[in-house]
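The next block holds one structure in the form of structure tokens; read it before the comments.
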There are 2 protein chains.
Amino acid sequence: MRQSGKTLKKMGRPRGFDEGAALDAAMRLFWERGYEGTSMADLTKAMGLNPPSIYAAFGDKKSLFTLAAKRYAEGPAQYQARALSEPTLREVILALFRNTVEFLTDSGHPSGCMTLTGAMACGVEANSAKEFMTEIRKQNEAGLKSRLQQARKSGELAADVNVDDYARYLSTLLGGLAIQAANGVSRKEMKRIADIAVRHIGY
Amino acid sequence: MRQSGKTLKKMGRPRGFDEGAALDAAMRLFWERGYEGTSMADLTKAMGLNPPSIYAAFGDKKSLFTLAAKRYAEGPAQYQARALSEPTLREVILALFRNTVEFLTDSGHPSGCMTLTGAMACGVEANSAKEFMTEIRKQNEAGLKSRLQQARKSGELAADVNVDDYARYLSTLLGGLAIQAANGVSRKEMKRIADIAVRHIGY
DNA sequence: ATATATGTGTAACGATTGTTATAGATGTCG
DNA sequence: CGACATCTATAACAATCGTTACACATATAT
């Protein structure tokens, strides 16, 4: 349907903008605010285009989001694929974690993973709702932390263990399970994941 | 401001609905579809109330969401607090994972954790976007899995390790890090989480 | 140059968003 | 029984949503 480089038939007026750059702007916006949190008005502003140009080049909003997501998967998200190409398994796993941490906290792009934030909607409007959810998660982590401190005093937890870090680590595992649930993983499968987790922890 | 039980001044027409039940309906809806994915029209239908009744009893949409979220934290989400009250640390951690898996996959309520899904918007409209994000996450996990299979053939990974489960486990950890990023955890802190993770795995 | 095909800009579309004004119903209190 | 206070229902509000009709600009092809 679409053909931008070659001259096949009668050409009309050529496109006056860089499709890649426009798509990048859309990607960043979806990445930051999620699908529902990003309006076409926001997009027109960020992409520097008027609605008809967007619709002509990328289709409707859903289609634009899909294109932006593909660009994300084939671009910024390649840090994972790079890790997988390390020679040994040990290096793969170390690189996986190293790259992930680096990517998630890189200031060069919206922080976080678009596969989460892109669905975690947040127009400026809904920001307070999102923040409140974050607060609840932090409270849970705080509860866990104080329980760990208690265990430390009772000697159940070695004194050289950093309680903050360990609470965050456990929180990370539990939060990861919530994502697996969002992925549609079954209870049986999740139990096996949890089994591996507690086994590796040492319980 | 509000007073429902006691008779203090002149009373007017009493409320014709159960506030708790109405709030439960709102909670379920937000839990399933997120803040932005749930419209006031949806809420009026699910709660069986007309807009003015909702606004009089719970305030505006933001306020209603906050009340619903509190109800969630103090109700269904107490599974975590219950785990923390186990006598020993070992039991705490085992219960934490057991309860979490059970809760996340319980068919008695919307699956997943509201602190994620409540912010992960999805009106029916945006569902395809969310599903596409899930698909990307699954593809990443699949890539990881095939890399593990390769490692297994080369002997780096013990033959008795279930590759599916192990891939999901690593995915869980990495996804959990993405949530930590959404929580606003710093790079330095995330590195320490990752250190604990790889140490426990054995690398 | 003329015809044609495509892109761009403006301005509007109907639908839905969250919210509220208004009128009527229904209870409690003096 | 009124007088009053509150709740309920209908219907509308302005604003924004995603989307498109229309007119005009700008390129290629003959």
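Naming works like this for the structure tokens: A, B, ... for the chains as they're shown, residue 1 at the start of each chain, ligands 1 onward in shown order.
Every chain B residue lying within 6 Å of chain A, based on only C-alpha atoms, is listed here: B:Thr105, B:Gly112, B:Thr115, B:Ala119, B:Met120, B:Ala121, B:Lys130, B:Met133, B:Thr134, B:Tyr169, B:Thr172, B:Leu173, B:Gly175, B:Gly176, B:Leu177, B:Ala178, B:Ala181, B:Ala182, B:Asn183, B:Arg187, B:Ile193, B:His200, B:Ile201.
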Same residues, N, CA and C atoms, output as a CSV table (one decimal), in the first residue's frame:
```csv
chain,number,residue,atom,x,y,z
B,105,THR,N,-4.1,-15.3,41.4
B,105,THR,CA,-4.8,-16.2,40.5
B,105,THR,C,-6.1,-16.6,41.1
B,112,GLY,N,-4.9,-10.4,39.2
B,112,GLY,CA,-3.9,-9.5,39.2
B,112,GLY,C,-4.0,-8.5,40.4
B,115,THR,N,-2.8,-2.5,42.3
B,115,THR,CA,-1.8,-1.4,42.2
B,115,THR,C,-1.1,-1.4,40.9
B,119,ALA,N,-3.6,1.1,37.6
B,119,ALA,CA,-2.9,2.1,36.8
B,119,ALA,C,-2.7,1.7,35.4
B,120,MET,N,-2.7,0.4,35.1
B,120,MET,CA,-2.6,-0.1,33.8
B,120,MET,C,-4.0,0.0,33.2
B,121,ALA,N,-4.2,1.2,32.6
B,121,ALA,CA,-5.6,1.4,32.1
B,121,ALA,C,-6.0,0.5,31.0
B,130,LYS,N,-3.0,-2.9,25.2
B,130,LYS,CA,-2.4,-3.7,26.4
B,130,LYS,C,-2.0,-5.0,26.0
B,133,MET,N,1.3,-5.1,24.3
B,133,MET,CA,2.4,-4.9,25.3
B,133,MET,C,2.7,-6.3,25.9
B,134,THR,N,1.6,-7.0,26.3
B,134,THR,CA,1.8,-8.3,26.9
B,134,THR,C,2.5,-9.2,25.9
B,169,TYR,N,11.0,-17.5,35.6
B,169,TYR,CA,11.6,-17.0,36.9
B,169,TYR,C,12.5,-15.8,36.6
B,172,THR,N,10.4,-12.9,35.7
B,172,THR,CA,9.7,-12.4,36.8
B,172,THR,C,10.7,-11.4,37.5
B,173,LEU,N,11.9,-11.7,37.7
B,173,LEU,CA,12.9,-10.8,38.3
B,173,LEU,C,13.0,-9.6,37.5
B,175,GLY,N,11.0,-8.3,35.2
B,175,GLY,CA,9.8,-7.5,35.2
B,175,GLY,C,9.6,-6.8,36.6
B,176,GLY,N,10.0,-7.5,37.6
B,176,GLY,CA,10.0,-6.8,38.9
B,176,GLY,C,10.8,-5.6,39.0
B,177,LEU,N,12.0,-5.6,38.3
B,177,LEU,CA,12.8,-4.5,38.3
B,177,LEU,C,12.1,-3.3,37.6
B,178,ALA,N,11.3,-3.6,36.6
B,178,ALA,CA,10.6,-2.6,35.8
B,178,ALA,C,9.6,-1.9,36.8
B,181,ALA,N,11.5,0.4,38.9
B,181,ALA,CA,11.7,1.6,38.2
B,181,ALA,C,10.5,2.6,38.2
B,182,ALA,N,9.3,2.0,38.0
B,182,ALA,CA,8.1,2.8,38.0
B,182,ALA,C,7.9,3.3,39.4
B,183,ASN,N,8.4,2.7,40.4
B,183,ASN,CA,8.3,3.2,41.8
B,183,ASN,C,9.3,4.4,42.0
B,187,ARG,N,19.2,4.2,40.3
B,187,ARG,CA,20.0,3.2,39.6
B,187,ARG,C,20.9,2.5,40.6
B,193,ILE,N,19.8,-4.5,44.1
B,193,ILE,CA,18.7,-5.5,43.9
B,193,ILE,C,19.2,-6.6,43.0
B,200,HIS,N,21.9,-14.9,44.5
B,200,HIS,CA,21.0,-16.0,44.9
B,200,HIS,C,20.9,-17.1,43.8
B,201,ILE,N,20.9,-16.6,42.5
B,201,ILE,CA,20.9,-17.5,41.4
B,201,ILE,C,22.1,-18.4,41.4
```
What are the nearest atom pairs, with distances in Å to one decimal, for all residues of chain C that come at most 9 Å from chain B, using only C-alpha atoms (C1' of nucleotides), set out by chain and rising residue number as a Markdown table?
```
| residue | atom | partner | partner_atom | distance |
| --- | --- | --- | --- | --- |
| C:DT17 | C1' | B:Ser39 | CA | 7.8 |
| C:DG18 | C1' | B:Met40 | CA | 7.1 |
| C:DT19 | C1' | B:Asp60 | CA | 8.2 |
| C:DT20 | C1' | B:Pro52 | CA | 8.0 |
| C:DT26 | C1' | B:Arg13 | CA | 5.5 |
| C:DG27 | C1' | B:Arg13 | CA | 3.8 |
| C:DT28 | C1' | B:Met11 | CA | 5.1 |
| C:DC29 | C1' | B:Lys10 | CA | 6.4 |
```
Grab the residues selected above and save them as a PDB file, in the first residue's frame with C-alpha atoms (C1' of nucleotides).
```pdb
ATOM      1  C1'  DT C  17     -15.663  12.512  28.884  1.00  0.00           C
ATOM      2  C1'  DG C  18     -16.493  14.163  33.928  1.00  0.00           C
ATOM      3  C1'  DT C  19     -19.666  17.026  36.255  1.00  0.00           C
ATOM      4  C1'  DT C  20     -23.794  19.609  37.762  1.00  0.00           C
ATOM      5  C1'  DT C  26     -39.063  10.531  50.415  1.00  0.00           C
ATOM      6  C1'  DG C  27     -37.683  10.494  54.638  1.00  0.00           C
ATOM      7  C1'  DT C  28     -37.149  12.957  59.797  1.00  0.00           C
ATOM      8  C1'  DC C  29     -38.417  16.574  63.102  1.00  0.00           C
TER       9       DC C  29
END
```
DSSP on the backbone: which residues in range 49-197 of chain A end up as alpha helix (DSSP H)? Give the answer as a VMD selection string.
chain A and resid 51 to 58 61 to 74 79 to 84 89 to 104 114 to 117 127 to 153 163 to 183 187 to 197
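Distances here use only C-alpha atoms (C1' of nucleotides); by that measure, the residue among A:Asp160, A:Tyr79, A:Arg28, A:Ile54 closest to chain D is A:Ile54.
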Tell me, as a ChimeraX atom specification, which residues lie within 12 Å of DA21 in chain C, counting only C-alpha atoms (C1' of nucleotides); anything in the same chain fewer than 3 positions away does not count.
/B:52 /D:10-13
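With only C-alpha atoms (C1' of nucleotides) as the atoms that count, the minimum distance from chain D to the choices A:Glu19, A:Asp42, A:Glu32, A:Asp24 is reached by A:Asp42.
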Please identify all polymer residues within 7 Å of Met47 in chain A, counting only C-alpha atoms (C1' of nucleotides), omitting same-chain residues fewer than 5 positions from it, and present them as an MDAnalysis selection string.
chainID A and resid 22 25:26
Print the selection's residues with N, CA and C atoms to a file, as a PDB file, in the first residue's frame.
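Output file out.pdb follows:
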```pdb
ATOM      1  N   ALA A  22       9.058  11.447  13.466  1.00  0.00           N
ATOM      2  CA  ALA A  22       7.697  11.611  13.969  1.00  0.00           C
ATOM      3  C   ALA A  22       7.289  10.404  14.812  1.00  0.00           C
ATOM      4  N   ALA A  25       8.834  10.481  18.189  1.00  0.00           N
ATOM      5  CA  ALA A  25       8.140  11.383  19.109  1.00  0.00           C
ATOM      6  C   ALA A  25       6.897  10.703  19.672  1.00  0.00           C
ATOM      7  N   ALA A  26       6.175  10.008  18.815  1.00  0.00           N
ATOM      8  CA  ALA A  26       4.984   9.288  19.270  1.00  0.00           C
ATOM      9  C   ALA A  26       5.362   8.211  20.280  1.00  0.00           C
TER      10      ALA A  26
END
```
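With CA of Ala68 in chain B on one side and CA of Leu23 in chain B on the other, the separation reads 6.1 Å.
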Chain D residues near chain B within 9 Å, closest pair each, using only C-alpha atoms (C1' of nucleotides), as a Markdown table:
```
| residue | atom | partner | partner_atom | distance |
| --- | --- | --- | --- | --- |
| D:DC4 | C1' | B:Gly12 | CA | 7.8 |
| D:DA5 | C1' | B:Gly12 | CA | 4.2 |
| D:DT6 | C1' | B:Gly12 | CA | 3.9 |
| D:DC7 | C1' | B:Arg13 | CA | 5.6 |
| D:DT8 | C1' | B:Ser53 | CA | 7.1 |
| D:DA9 | C1' | B:Asn50 | CA | 7.4 |
```
Generate the output file for the selected residues, N, CA and C atoms (P, O5', C5', C4', C3', O3' and C1' of nucleotides), as a PDB file, in the first residue's frame.
```
ATOM      1  P    DC D   4     -39.203  25.949  56.926  1.00  0.00           P
ATOM      2  O5'  DC D   4     -38.119  24.789  56.892  1.00  0.00           O
ATOM      3  C5'  DC D   4     -37.925  23.994  58.058  1.00  0.00           C
ATOM      4  C4'  DC D   4     -37.137  22.735  57.735  1.00  0.00           C
ATOM      5  C3'  DC D   4     -36.038  22.917  56.666  1.00  0.00           C
ATOM      6  O3'  DC D   4     -34.838  22.374  57.178  1.00  0.00           O
ATOM      7  C1'  DC D   4     -37.335  21.004  56.205  1.00  0.00           C
ATOM      8  P    DA D   5     -33.420  23.011  56.702  1.00  0.00           P
ATOM      9  O5'  DA D   5     -32.575  21.682  56.475  1.00  0.00           O
ATOM     10  C5'  DA D   5     -32.710  20.628  57.426  1.00  0.00           C
ATOM     11  C4'  DA D   5     -32.518  19.282  56.731  1.00  0.00           C
ATOM     12  C3'  DA D   5     -31.397  19.266  55.692  1.00  0.00           C
ATOM     13  O3'  DA D   5     -30.561  18.162  55.958  1.00  0.00           O
ATOM     14  C1'  DA D   5     -33.382  18.361  54.776  1.00  0.00           C
ATOM     15  P    DT D   6     -29.034  18.167  55.503  1.00  0.00           P
ATOM     16  O5'  DT D   6     -28.960  16.945  54.473  1.00  0.00           O
ATOM     17  C5'  DT D   6     -29.377  15.655  54.908  1.00  0.00           C
ATOM     18  C4'  DT D   6     -30.059  14.910  53.792  1.00  0.00           C
ATOM     19  C3'  DT D   6     -29.230  14.628  52.547  1.00  0.00           C
ATOM     20  O3'  DT D   6     -28.679  13.330  52.656  1.00  0.00           O
ATOM     21  C1'  DT D   6     -31.547  15.044  52.090  1.00  0.00           C
ATOM     22  P    DC D   7     -27.735  12.770  51.540  1.00  0.00           P
ATOM     23  O5'  DC D   7     -28.738  11.999  50.568  1.00  0.00           O
ATOM     24  C5'  DC D   7     -29.538  10.950  51.077  1.00  0.00           C
ATOM     25  C4'  DC D   7     -30.559  10.534  50.027  1.00  0.00           C
ATOM     26  C3'  DC D   7     -29.952  10.025  48.714  1.00  0.00           C
ATOM     27  O3'  DC D   7     -30.583   8.794  48.350  1.00  0.00           O
ATOM     28  C1'  DC D   7     -31.550  11.718  48.283  1.00  0.00           C
ATOM     29  P    DT D   8     -29.986   7.978  47.132  1.00  0.00           P
ATOM     30  O5'  DT D   8     -30.962   8.415  45.943  1.00  0.00           O
ATOM     31  C5'  DT D   8     -32.328   8.038  45.972  1.00  0.00           C
ATOM     32  C4'  DT D   8     -33.039   8.557  44.734  1.00  0.00           C
ATOM     33  C3'  DT D   8     -32.412   8.123  43.405  1.00  0.00           C
ATOM     34  O3'  DT D   8     -33.415   7.526  42.619  1.00  0.00           O
ATOM     35  C1'  DT D   8     -32.822  10.460  43.429  1.00  0.00           C
ATOM     36  P    DA D   9     -32.998   6.607  41.403  1.00  0.00           P
ATOM     37  O5'  DA D   9     -33.469   7.476  40.159  1.00  0.00           O
ATOM     38  C5'  DA D   9     -34.824   7.911  40.064  1.00  0.00           C
ATOM     39  C4'  DA D   9     -34.945   9.020  39.026  1.00  0.00           C
ATOM     40  C3'  DA D   9     -34.215   8.727  37.715  1.00  0.00           C
ATOM     41  O3'  DA D   9     -35.167   8.733  36.660  1.00  0.00           O
ATOM     42  C1'  DA D   9     -33.735  10.928  38.510  1.00  0.00           C
TER      43       DA D   9
END
```
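Separating CA of Met27 in chain B from CA of Ala95 in chain B is a distance of 25.5 Å.
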